[in-house]
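K.L.:
The structure follows.
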Amino acid sequence: MSESPFDDPIEPTSFDLIVIGTGLPESVIAAAASTAGKTVLQLDPNTSYGTHFASHSLDDLTSFLNSHATSTTSTTSDTDYTTLNLNPRSLYSHIETANYAPEILAQHSRRFLIDLGGPRVLFCADKAIELILKSGVGSYLNFKAVDGNFIWDETSGGLCNVPDSRAAIFKDKSLSLKEKNQLMRFFKLVQQHLAASDGEDGESSKISEEDLESPFVDFLRTRLPPKMKSIILYSIAMVDYDQDNSEGCKSILKTRDGISRLALYQKSVGRFPDANGAFLYPMYGHGELSQAFCRRAAVKGCLQVLRRPVIALLMDKDSGHYKGVRLVSGQNLFSHQLVLDPTFTVPLPPASSRPDLPRESLKDDKRKVARGICITTSSLKPDISNFLLVYPPRSLFSEQDTSIRAVQIRGGTDGGGLAVCPSSMFVLYVSALCDDAEQGKRLLHAAMNALLTLPVSGNIESGCTVQSVDAELKPSLLWSMLYIQEITMGQYEHLISTPMPDGNLNYDDLLDETVLLFQKMYPDEAFFPEAPSSPENLEEDIEGLSLED
């Protein structure tokens, strides 16, 4: 046992809930349980908060990915309990790093805060924002608006604005008058349906049940030209797979769900005075979200300890029920409930102790997420700092059956900078769902090659660009990392395991799973009870979110 102060015994030793991990789902559960009056211990073997939802420096990012790219097995024995060894599993693979400016980056290596699960944005009216307001963690966070939303135009090979509001439609010079009228009529139809569904308009304004149950792509096809249909599907409704390929598509979006996604987008546009668009991004990266909920949990009495690896679960020898955990130091800690981060699997115990325990504490999604991170010398759009870009299916090559999403974030704090890298640089996140590493890497490389230019050796200067064959200026690439991430989903059978970051832009699905896990543990407790408020306090609630110019 190390004599390090980090090996000092934890007191007390019994809790209502032990949470292993400080990622976003674990931290939300810890904060919700602490708010409900439960005694909570939150442990993390890492040296910083966030786990798979953290924002890292370049060196720490590489170390974290490599440490979770191999599986190892711990062993232990006990005379009082049946011990189930926690086996770390491989969650990242095919890690590929390229550094074209080692001297420049070495000077600033600690000034980067790179999101592990990017690209991510928050819709101004999504479940994450509502939870931040409801839970009170907004006081720990600062946001800036994402300035633009673009879609890749395969015809011109460039970025086109997404006309996502009445004002944007009128200003868009790339749209013909006919296209503007078609788009305006479509948005009016959606608004009338939503108003009728809320009882604010007559039933005749509702979209028919037959249409609502039909594929959204068919509903759009009869009302909009192909270009507008693609914008609605992939840059507003954020659909993953090629909806025109009905036979091969892995997930067809129904009109009902498509309208719901449009409603979220429309509610998000202009919700906050300092954010004209639909999206927000946290200052200092998305890792701040996990830390904010950790702080909320601590305020409510949660005990949090970093650098404390858990090596085994303690099970009652007679009943096979969970009793507690064992630290690498040998200390045993006990709780009524346990939440595991998705790093771990639990082997099947001996048949004599508990034959009905699952072999693993995770349910797997067969898909994977290919993620890419690029550090560049200049913006992809000279006049815009932070923006979202979507490549619709088939827009880069014929076998591309899924959307590819990218988010560019500016460094520094001036001019829209989000303090995620030095002010002279930009971070570009790219991701796509995939079935295997070969497919995922092909998707990432296609997106990067369309946007960036690899620098000529010895010709790298901060802020430089290289002129491409088509005479467009593309930013030079200083550094990149590509990797494949496994997707796991939360489980609540015998041992609760939280989900990995999914392939979505926002956290809505992940938070739905997190709420479900909490409610399975504590069905009689409110998930962050609503604070008493009156309509006149609504503006104060919204102002609980700090937006910077």
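Following the order of the structure tokens, chains are lettered A, B, ..., residues in each are numbered from 1, and ligands are numbered from 1.
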Taking the DSSP secondary structure from the backbone, can you list the residues of segment 151-327 of chain A that are strand (DSSP E or B), as a ChimeraX atom specification?
P.N.:
/A:151-153,158-161,215,241,254,272,275,279-282,303-306,310-315,322-327
K.L.:
Could you name the residues that touch segment 31-40 of chain A at 10 Å or less, counting only C-alpha atoms, but leaving out those on the same chain fewer than 2 positions away, as number ranges by chain?
P.N.:
A: 14-19, 25-29, 42-43, 135, 137, 292-304, 335, 337-338, 515, 518, 521-522, 525-529
K.L.:
Would you list the contacts of segment 376-388 of chain A as a PyMOL selection string, taking every protein, DNA or RNA residue within 8 Å and counting only C-alpha atoms, but skipping same-chain residues closer than 4 positions in sequence?
P.N.:
chain A and resi 145-150+405-410+415-417+424-428+451+461-465+474-479
K.L.:
So that I can check the surroundings of Arg120 of chain A, please list as an mmCIF file with all heavy atoms, in the first residue's frame every protein, DNA and RNA residue that reaches within 8 Å of it, counting only C-alpha atoms and ignoring chain neighbours fewer than 6 positions away.
P.N.:
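result_32.cif, freshly written:
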data_model
loop_
_atom_site.group_PDB
_atom_site.id
_atom_site.type_symbol
_atom_site.label_atom_id
_atom_site.label_comp_id
_atom_site.auth_asym_id
_atom_site.auth_seq_id
_atom_site.Cartn_x
_atom_site.Cartn_y
_atom_site.Cartn_z
ATOM 1 N N TYR A 281 -22.451 26.929 -26.331
ATOM 2 C CA TYR A 281 -21.261 26.133 -26.043
ATOM 3 C C TYR A 281 -20.690 26.625 -24.718
ATOM 4 O O TYR A 281 -20.594 27.833 -24.481
ATOM 5 C CB TYR A 281 -20.217 26.304 -27.149
ATOM 6 C CG TYR A 281 -19.209 25.197 -27.215
ATOM 7 C CD1 TYR A 281 -19.412 24.098 -28.026
ATOM 8 C CD2 TYR A 281 -18.041 25.233 -26.446
ATOM 9 C CE1 TYR A 281 -18.480 23.072 -28.101
ATOM 10 C CE2 TYR A 281 -17.112 24.224 -26.491
ATOM 11 C CZ TYR A 281 -17.334 23.138 -27.327
ATOM 12 O OH TYR A 281 -16.410 22.116 -27.374
ATOM 13 N N HIS A 286 -16.842 21.235 -22.745
ATOM 14 C CA HIS A 286 -17.978 20.495 -22.194
ATOM 15 C C HIS A 286 -17.645 19.773 -20.894
ATOM 16 O O HIS A 286 -18.554 19.352 -20.173
ATOM 17 C CB HIS A 286 -18.502 19.495 -23.228
ATOM 18 C CG HIS A 286 -19.409 20.132 -24.236
ATOM 19 N ND1 HIS A 286 -20.778 20.134 -24.114
ATOM 20 C CD2 HIS A 286 -19.142 20.819 -25.367
ATOM 21 C CE1 HIS A 286 -21.315 20.777 -25.142
ATOM 22 N NE2 HIS A 286 -20.344 21.214 -25.909
ATOM 23 N N VAL A 407 -17.988 20.706 -35.529
ATOM 24 C CA VAL A 407 -18.155 21.949 -34.778
ATOM 25 C C VAL A 407 -16.792 22.621 -34.672
ATOM 26 O O VAL A 407 -15.821 21.994 -34.221
ATOM 27 C CB VAL A 407 -18.736 21.693 -33.367
ATOM 28 C CG1 VAL A 407 -18.699 22.977 -32.537
ATOM 29 C CG2 VAL A 407 -20.159 21.164 -33.458
ATOM 30 N N ASN A 504 -24.929 11.775 -30.703
ATOM 31 C CA ASN A 504 -25.766 12.958 -30.911
ATOM 32 C C ASN A 504 -25.002 14.243 -30.650
ATOM 33 O O ASN A 504 -23.964 14.250 -29.983
ATOM 34 C CB ASN A 504 -26.991 12.907 -30.000
ATOM 35 C CG ASN A 504 -27.874 11.712 -30.299
ATOM 36 O OD1 ASN A 504 -27.955 11.251 -31.431
ATOM 37 N ND2 ASN A 504 -28.543 11.193 -29.281
ATOM 38 N N LEU A 505 -25.567 15.347 -31.132
ATOM 39 C CA LEU A 505 -24.979 16.656 -30.857
ATOM 40 C C LEU A 505 -25.267 17.120 -29.441
ATOM 41 O O LEU A 505 -24.440 17.780 -28.818
ATOM 42 C CB LEU A 505 -25.527 17.693 -31.844
ATOM 43 C CG LEU A 505 -24.813 17.838 -33.185
ATOM 44 C CD1 LEU A 505 -25.573 18.799 -34.074
ATOM 45 C CD2 LEU A 505 -23.371 18.299 -33.007
ATOM 46 N N ASN A 506 -26.465 16.812 -28.930
ATOM 47 C CA ASN A 506 -26.814 17.263 -27.589
ATOM 48 C C ASN A 506 -26.925 16.071 -26.642
ATOM 49 O O ASN A 506 -26.622 14.935 -27.017
ATOM 50 C CB ASN A 506 -28.093 18.109 -27.603
ATOM 51 C CG ASN A 506 -29.335 17.300 -27.949
ATOM 52 O OD1 ASN A 506 -29.266 16.102 -28.220
ATOM 53 N ND2 ASN A 506 -30.486 17.947 -27.956
#
K.L.:
Got a sec: who's within 9 Å of segment 239-256 of chain A, counting only C-alpha atoms, leaving out chain neighbours fewer than 4 positions off, as a list in words?
P.N.:
Glu209, Asp211, Leu212, Glu213, Ser214, Pro215, Phe216, Val217, Asp218, Phe219, Leu220, Leu233, Tyr234, Ser235, Ser260, Arg261, Pro392, Pro393, Arg394, Gln400, Asp401, Thr402, Ser403, Ile404, Ala432, Leu433, Gly503 and Asn504 of chain A
K.L.:
Using only C-alpha atoms, which residues of segment 270-389 of chain A come within 6 Å of segment 86-105 of chain A, and what is the closest atom pair for each, with the distance in Å to one decimal? Give it as CSV, sorted by chain and residue number.
P.N.:
residue,atom,partner,partner_atom,distance
A:Ile311,CA,A:Leu86,CA,5.4
A:Ala312,CA,A:Leu86,CA,5.0
A:Thr343,CA,A:Pro88,CA,5.5
A:Phe344,CA,A:Pro88,CA,4.5
A:Thr345,CA,A:Asn87,CA,5.3
A:Val346,CA,A:Leu86,CA,5.4
K.L.:
Counting only C-alpha atoms, which of A:Asp126, A:Asp115, A:Asp318, A:Asp414 gets nearest to Tyr284 of chain A?
P.N.:
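The shortest atom-to-atom distance to Tyr284 of chain A comes from A:Asp115.
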K.L.:
Between A:Pro523, A:Gly136, A:Gly117, A:Pro309, single out the one closest to Leu24 of chain A, counting only C-alpha atoms.
P.N.:
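Once distances to Leu24 of chain A are computed over only C-alpha atoms, the minimum belongs to A:Gly117.
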K.L.:
Write out as a ChimeraX atom specification the set of residues from segment 304-530 of chain A that DSSP, computed on the backbone, places in alpha helix (DSSP H).
P.N.:
/A:437-451,508-521
K.L.:
Go ahead and save the picked residues with C-alpha atoms, as a short mmCIF file (atom, residue, chain, number, x, y, z; two decimals), in the first residue's frame.
P.N.:
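See out_15.cif below for the written result:
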data_model
loop_
_atom_site.label_atom_id
_atom_site.label_comp_id
_atom_site.auth_asym_id
_atom_site.auth_seq_id
_atom_site.Cartn_x
_atom_site.Cartn_y
_atom_site.Cartn_z
CA ALA A 437 -13.06 1.44 -37.64
CA GLU A 438 -12.40 1.27 -41.38
CA GLN A 439 -15.74 2.88 -42.19
CA GLY A 440 -15.38 5.44 -39.41
CA LYS A 441 -11.89 6.54 -40.45
CA ARG A 442 -12.98 6.89 -44.07
CA LEU A 443 -15.83 9.19 -43.02
CA LEU A 444 -13.54 11.36 -40.88
CA HIS A 445 -10.81 11.62 -43.50
CA ALA A 446 -13.32 12.60 -46.18
CA ALA A 447 -14.69 15.41 -44.03
CA MET A 448 -11.23 16.67 -43.05
CA ASN A 449 -9.87 16.56 -46.60
CA ALA A 450 -12.80 18.67 -47.78
CA LEU A 451 -12.00 21.38 -45.23
CA ASP A 508 -31.15 14.70 -24.56
CA ASP A 509 -31.06 10.91 -25.03
CA LEU A 510 -28.25 10.51 -22.52
CA LEU A 511 -30.13 12.54 -19.90
CA ASP A 512 -33.28 10.50 -20.50
CA GLU A 513 -31.28 7.36 -19.66
CA THR A 514 -29.76 9.07 -16.62
CA VAL A 515 -33.17 10.07 -15.25
CA LEU A 516 -34.41 6.52 -15.77
CA LEU A 517 -31.47 5.10 -13.83
CA PHE A 518 -32.13 7.50 -10.94
CA GLN A 519 -35.83 6.63 -10.87
CA LYS A 520 -35.08 2.91 -10.83
CA MET A 521 -33.00 3.42 -7.69
#
K.L.:
Counting only C-alpha atoms, which residues of segment 400-505 of chain A fall within 12 Å of segment 47-57 of chain A, and what is the closest atom pair for each with its distance in Å at one decimal, ordered by chain and rising number, as a Markdown table?
P.N.:
| residue | atom | partner | partner_atom | distance |
| --- | --- | --- | --- | --- |
| A:Ala419 | CA | A:Ser55 | CA | 11.6 |
| A:Val420 | CA | A:Ser55 | CA | 8.8 |
| A:Cys421 | CA | A:Ser57 | CA | 9.1 |
| A:Pro422 | CA | A:Ser57 | CA | 11.8 |
| A:Gln485 | CA | A:His52 | CA | 10.2 |
| A:Glu486 | CA | A:His52 | CA | 11.2 |
| A:Ile487 | CA | A:His52 | CA | 11.4 |
| A:Thr488 | CA | A:His52 | CA | 11.8 |
| A:Thr498 | CA | A:His52 | CA | 10.9 |
| A:Pro499 | CA | A:His52 | CA | 9.8 |
| A:Met500 | CA | A:His52 | CA | 7.0 |
| A:Pro501 | CA | A:Phe53 | CA | 7.1 |
| A:Asp502 | CA | A:Phe53 | CA | 10.7 |
K.L.:
To one decimal in Å, tell me the separation between atom CA of Tyr140 of chain A and atom CA of Leu41 of chain A.
P.N.:
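Taking atom CA of Tyr140 of chain A and atom CA of Leu41 of chain A, their separation equals 21.1 Å.
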K.L.:
Using Å and a single decimal, report how far atom CA of Pro9 of chain A sits from atom CA of Arg307 of chain A.
P.N.:
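So the answer is 12.7 Å.
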K.L.:
Would you pick out the contacts of Leu280 of chain A at 7 Å or less, using only C-alpha atoms, so that residues sharing its chain but fewer than 4 positions from it are not included, and give the list as a list in words?
P.N.:
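Final neighbour list, sorted by chain and number: Val121, Leu122, Phe123, Cys124, Phe143, Lys144, Ala145 and Val146 of chain A.
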K.L.:
As a ChimeraX atom specification, please: the residues near Leu264 of chain A (cut-off 12 Å, only C-alpha atoms, same-chain neighbours under 3 positions excluded).
P.N.:
/A:122-127,129,164,190-191,194,236-238,257-261,267-271,278-279,506,508
